[in-house]
Amino acid sequence: MRQVDLLALQKYGPLGASSRMRLLQYLPWLEQAGVRATVQPLLSNEQLQARYRQGGYGAGGLVRAYVRRLLAMRERRRFDVVWIEKEALPWMPLWLERGMLSGVPYVLDYDDAVFHNYDLHRSPFVRRIYGKRLDGLMAGAALVLGGNGYLAQRARDAGAAWVEVLPTVIDLERYPQPFDASEQRRMVASPETARQEELRIVWIGSPATAHYLQLLREPLQKLAARYTFTLRVIGGASVDLPGVRVEVLPWSEATEVAAISACDVGIMPLLDSPWERGKCGYKLVQYMACGLPCVASAVGANKEVLGQGEAGMLVNDAQGWLSALEALVTNPALRHQLGRAGRVRVESIYCLQKTAPLMADLLCKAAIS
């Protein structure tokens with residue numbers, strides 16, 4: 001078996017969900033397949049935490065981060081292939097990044113529509129100078145991996161020679177089969193007991209994305225006036241939803257599965273805009289792996305992940321949210337049916353056990369392209 005040396009230029013360390021799920025969880029599998037990775041994050045866990053606390057990274061820290069990144073890229077020819085999370089040098093000129101990647105094949109990985117940071121920027125100057133920056137980077141890549149069809153299509157339109165869709169997935173070993181003893185907890189006696197039974201509706205994310213919950217302000221308030229439930233927010237900031245019982249839990253990798261599994265319904269509200277169409281629906285995959293039925297905005301990858309409603313409910317407006325949540329709150333059999341379908345879908349498509357062999361094969365082929 002030929003050894004492939006990979007330089008992984010991640011945006012974040014393990015605290016960054018995209019870095020953790022798009023590459024770090026694959027490393028043991030890649031090692032077994034003969035792909036040996038050297039990981040270099042642009043931004044540290046401490047810098048990401050500072051951004052959540054203070055709203056920014058700090059100029060001094062960013063300068064040091066870019067110096068470290070440039071030094072790492074100078075060593076690129078020691079490797080067979082370079083893996084890049086989104087872009088290696090954000091906001092730097094395209095010619096500089098392409099120059100620092102010359103002489104070695106590189107793979108670009110996208111789980112967000114970061115190209116819209118440039119081409120939809122409010123500044124006409126930024127749009128003119130940087131609007132096609134990532135298109136130029138895609139065009140020179142040996143391989144572009146998109147987390148959903150929207151991202152993959154952008155790469156194809158940019159002229160990328162080789163594009164593959166690789167969804168963001170979970171590791172089944174971290175998500176045990178949910179339909180055992182916990183199944184009885186979810187199956188409340190009858191729809192009539194739903195008014196007394198305290199159910200949990202769960203949302204997981206980061207402080208930067210918790211604002212999406214405000215899209216559900218009215219539906220959740222109306223639902224709370226009729227039924228007893230708690231909205232569990234994992235990893236987000238405090239949420240202002242008067243009349244709705246909310247509990248906010250800190251996120252940790254060690255506790256997230258248990259925190260989701262203790263709930264009954266998972267939600268993923270989104271705006272319908274170009275940026276949101278690039279999201280990969282990872283929180284839906286987490287809910288489904290835990291056997292929870294899902295309600296999600298009918299936007300982008302949400303439709304792909306839920307199989308057009310096979311494993312959950314897709315909604316378009318406030319009334320749709322209220323109707324879907326009320327149906328699940330009052331119908332334990334429906335929760336059970338959708339939860340089971342979601343778990344099956346994760347085991348078939350959205351798990352590391354299915355995607356890791358493909359990832360290893362793609363990287364090995366990119367290394368010799």
# chains A, B, ... in the order shown; residues from 1 in each chain; ligands from 1
call {"tool": "residues_around", "arguments": {"residues": "Arg128 of chain A", "least_positions_apart": "4", "cutoff": "9 Å", "atoms": "only C-alpha atoms", "output": "list in words"}}
result
Tyr118, Asp119, Ser123, Pro124 and Lys132 of chain A
call {"tool": "select_by_dssp", "arguments": {"residues": "segment 108-217 of chain A", "states": "strand (DSSP E or B)", "output": "JSON, numbers by chain"}}
result
{"A": [108, 109, 110, 143, 144, 145, 146, 163, 164, 165, 170, 199, 200, 201, 202, 203, 204]}
call {"tool": "atom_distance", "arguments": {"atom1": "atom CA of Ala37 of chain A", "atom2": "atom CA of Gly136 of chain A"}}
result
25.5 Å
call {"tool": "closest_residue", "arguments": {"among": "A:Leu352, A:Ile129, A:Leu241, A:Ala225", "to": "Leu94 of chain A", "atoms": "only C-alpha atoms"}}
result
A:Ile129
call {"tool": "residues_around", "arguments": {"residues": "Tyr150 of chain A", "least_positions_apart": "5", "cutoff": "10 Å", "atoms": "only C-alpha atoms", "output": "list of chain:residue names"}}
result
A:Asp112, A:Ala113, A:Ala155, A:Val165, A:Pro274, A:Arg277, A:Gly278, A:Lys279, A:Cys280, A:Gly300, A:Ala301
call {"tool": "write_last_selection", "arguments": {"atoms": "all heavy atoms", "output": "mmCIF file, in the first residue's frame"}}
result
data_model
loop_
_atom_site.group_PDB
_atom_site.id
_atom_site.type_symbol
_atom_site.label_atom_id
_atom_site.label_comp_id
_atom_site.auth_asym_id
_atom_site.auth_seq_id
_atom_site.Cartn_x
_atom_site.Cartn_y
_atom_site.Cartn_z
ATOM 1 N N ASP A 112 -19.819 25.194 3.562
ATOM 2 C CA ASP A 112 -20.539 26.468 3.646
ATOM 3 C C ASP A 112 -20.293 27.239 2.360
ATOM 4 O O ASP A 112 -19.256 27.051 1.706
ATOM 5 C CB ASP A 112 -20.057 27.313 4.829
ATOM 6 C CG ASP A 112 -20.905 27.125 6.078
ATOM 7 O OD1 ASP A 112 -22.143 26.983 5.929
ATOM 8 O OD2 ASP A 112 -20.351 27.115 7.183
ATOM 9 N N ALA A 113 -21.212 28.134 2.048
ATOM 10 C CA ALA A 113 -21.088 28.937 0.826
ATOM 11 C C ALA A 113 -20.209 30.161 1.085
ATOM 12 O O ALA A 113 -20.638 31.305 0.935
ATOM 13 C CB ALA A 113 -22.468 29.355 0.337
ATOM 14 N N ALA A 155 -18.735 24.861 -7.808
ATOM 15 C CA ALA A 155 -17.417 24.435 -8.267
ATOM 16 C C ALA A 155 -17.443 24.044 -9.742
ATOM 17 O O ALA A 155 -16.526 24.376 -10.505
ATOM 18 C CB ALA A 155 -16.918 23.281 -7.414
ATOM 19 N N VAL A 165 -19.626 15.270 -4.361
ATOM 20 C CA VAL A 165 -20.444 15.632 -3.194
ATOM 21 C C VAL A 165 -20.111 14.668 -2.064
ATOM 22 O O VAL A 165 -20.214 13.452 -2.229
ATOM 23 C CB VAL A 165 -21.948 15.576 -3.512
ATOM 24 C CG1 VAL A 165 -22.768 15.827 -2.249
ATOM 25 C CG2 VAL A 165 -22.300 16.607 -4.584
ATOM 26 N N PRO A 274 -29.031 32.804 -0.359
ATOM 27 C CA PRO A 274 -27.898 32.074 -0.930
ATOM 28 C C PRO A 274 -26.967 31.479 0.118
ATOM 29 O O PRO A 274 -26.485 30.355 -0.048
ATOM 30 C CB PRO A 274 -27.188 33.150 -1.773
ATOM 31 C CG PRO A 274 -28.288 34.068 -2.187
ATOM 32 C CD PRO A 274 -29.204 34.131 -0.996
ATOM 33 N N ARG A 277 -28.485 28.326 1.625
ATOM 34 C CA ARG A 277 -28.560 27.205 0.688
ATOM 35 C C ARG A 277 -27.259 26.412 0.651
ATOM 36 O O ARG A 277 -27.224 25.273 0.187
ATOM 37 C CB ARG A 277 -28.908 27.721 -0.713
ATOM 38 C CG ARG A 277 -30.346 28.219 -0.819
ATOM 39 C CD ARG A 277 -30.619 28.961 -2.106
ATOM 40 N NE ARG A 277 -31.744 29.880 -1.940
ATOM 41 C CZ ARG A 277 -31.873 31.044 -2.575
ATOM 42 N NH1 ARG A 277 -30.942 31.426 -3.447
ATOM 43 N NH2 ARG A 277 -32.910 31.813 -2.348
ATOM 44 N N GLY A 278 -26.189 27.012 1.138
ATOM 45 C CA GLY A 278 -24.907 26.312 1.191
ATOM 46 C C GLY A 278 -24.698 25.490 2.440
ATOM 47 O O GLY A 278 -23.718 24.747 2.547
ATOM 48 N N LYS A 279 -25.583 25.578 3.421
ATOM 49 C CA LYS A 279 -25.410 24.818 4.654
ATOM 50 C C LYS A 279 -25.705 23.340 4.414
ATOM 51 O O LYS A 279 -26.514 22.986 3.554
ATOM 52 C CB LYS A 279 -26.302 25.390 5.754
ATOM 53 C CG LYS A 279 -25.828 26.763 6.222
ATOM 54 C CD LYS A 279 -26.520 27.209 7.477
ATOM 55 C CE LYS A 279 -25.897 28.501 8.010
ATOM 56 N NZ LYS A 279 -24.509 28.299 8.455
ATOM 57 N N CYS A 280 -25.060 22.482 5.220
ATOM 58 C CA CYS A 280 -25.089 21.049 4.927
ATOM 59 C C CYS A 280 -26.028 20.240 5.810
ATOM 60 O O CYS A 280 -26.054 19.007 5.710
ATOM 61 C CB CYS A 280 -23.667 20.481 5.026
ATOM 62 S SG CYS A 280 -22.610 21.093 3.694
ATOM 63 N N GLY A 300 -32.258 24.412 0.827
ATOM 64 C CA GLY A 300 -30.969 23.806 0.536
ATOM 65 C C GLY A 300 -30.868 22.348 0.907
ATOM 66 O O GLY A 300 -31.741 21.522 0.611
ATOM 67 N N ALA A 301 -29.771 22.015 1.621
ATOM 68 C CA ALA A 301 -29.469 20.627 1.945
ATOM 69 C C ALA A 301 -30.456 20.019 2.921
ATOM 70 O O ALA A 301 -30.502 18.795 3.058
ATOM 71 C CB ALA A 301 -28.047 20.519 2.506
#
call {"tool": "residues_around", "arguments": {"residues": "Ala161 of chain A", "least_positions_apart": "5", "cutoff": "9 Å", "atoms": "only C-alpha atoms", "output": "list in words"}}
result
Met138, Ala139, Gly140, Ala141, Ala142, Leu143, Val144, Ala155 and Arg156 of chain A
call {"tool": "residues_around", "arguments": {"residues": "Val39 of chain A", "least_positions_apart": "6", "cutoff": "10 Å", "atoms": "only C-alpha atoms", "output": "PyMOL selection string"}}
result
chain A and resi 6-10+13+23-24+27+72+83
call {"tool": "residues_around", "arguments": {"residues": "Trp203 of chain A", "least_positions_apart": "5", "cutoff": "7 Å", "atoms": "only C-alpha atoms", "output": "ChimeraX atom specification"}}
result
/A:232-234,266-268
call {"tool": "write_last_selection", "arguments": {"atoms": "N, CA and C atoms", "output": "PDB file, in the first residue's frame"}}
result
ATOM      1  N   ARG A 232     -34.618  23.135  24.340  1.00  0.00           N
ATOM      2  CA  ARG A 232     -33.228  22.950  24.760  1.00  0.00           C
ATOM      3  C   ARG A 232     -32.306  23.512  23.693  1.00  0.00           C
ATOM      4  N   VAL A 233     -31.483  24.469  24.064  1.00  0.00           N
ATOM      5  CA  VAL A 233     -30.529  25.106  23.151  1.00  0.00           C
ATOM      6  C   VAL A 233     -29.137  24.655  23.566  1.00  0.00           C
ATOM      7  N   ILE A 234     -28.468  23.928  22.695  1.00  0.00           N
ATOM      8  CA  ILE A 234     -27.143  23.389  22.999  1.00  0.00           C
ATOM      9  C   ILE A 234     -26.088  24.183  22.232  1.00  0.00           C
ATOM     10  N   GLY A 266     -36.127  17.468  16.978  1.00  0.00           N
ATOM     11  CA  GLY A 266     -35.027  18.345  16.593  1.00  0.00           C
ATOM     12  C   GLY A 266     -35.475  19.358  15.569  1.00  0.00           C
ATOM     13  N   ILE A 267     -34.956  20.577  15.660  1.00  0.00           N
ATOM     14  CA  ILE A 267     -35.375  21.643  14.744  1.00  0.00           C
ATOM     15  C   ILE A 267     -34.175  22.298  14.067  1.00  0.00           C
ATOM     16  N   MET A 268     -34.395  22.775  12.847  1.00  0.00           N
ATOM     17  CA  MET A 268     -33.369  23.513  12.110  1.00  0.00           C
ATOM     18  C   MET A 268     -34.030  24.593  11.266  1.00  0.00           C
TER      19      MET A 268
END
call {"tool": "residues_around", "arguments": {"residues": "Val344 of chain A", "least_positions_apart": "5", "cutoff": "10 Å", "atoms": "only C-alpha atoms", "output": "list of chain:residue names"}}
result
A:Met288, A:Ala289, A:Gly291, A:Ala311, A:Leu338, A:Gly339, A:Ile349, A:Tyr350
call {"tool": "closest_residue", "arguments": {"among": "A:Leu363, A:Leu172, A:Arg226, A:Leu199", "to": "Val81 of chain A", "atoms": "only C-alpha atoms"}}
result
A:Leu363
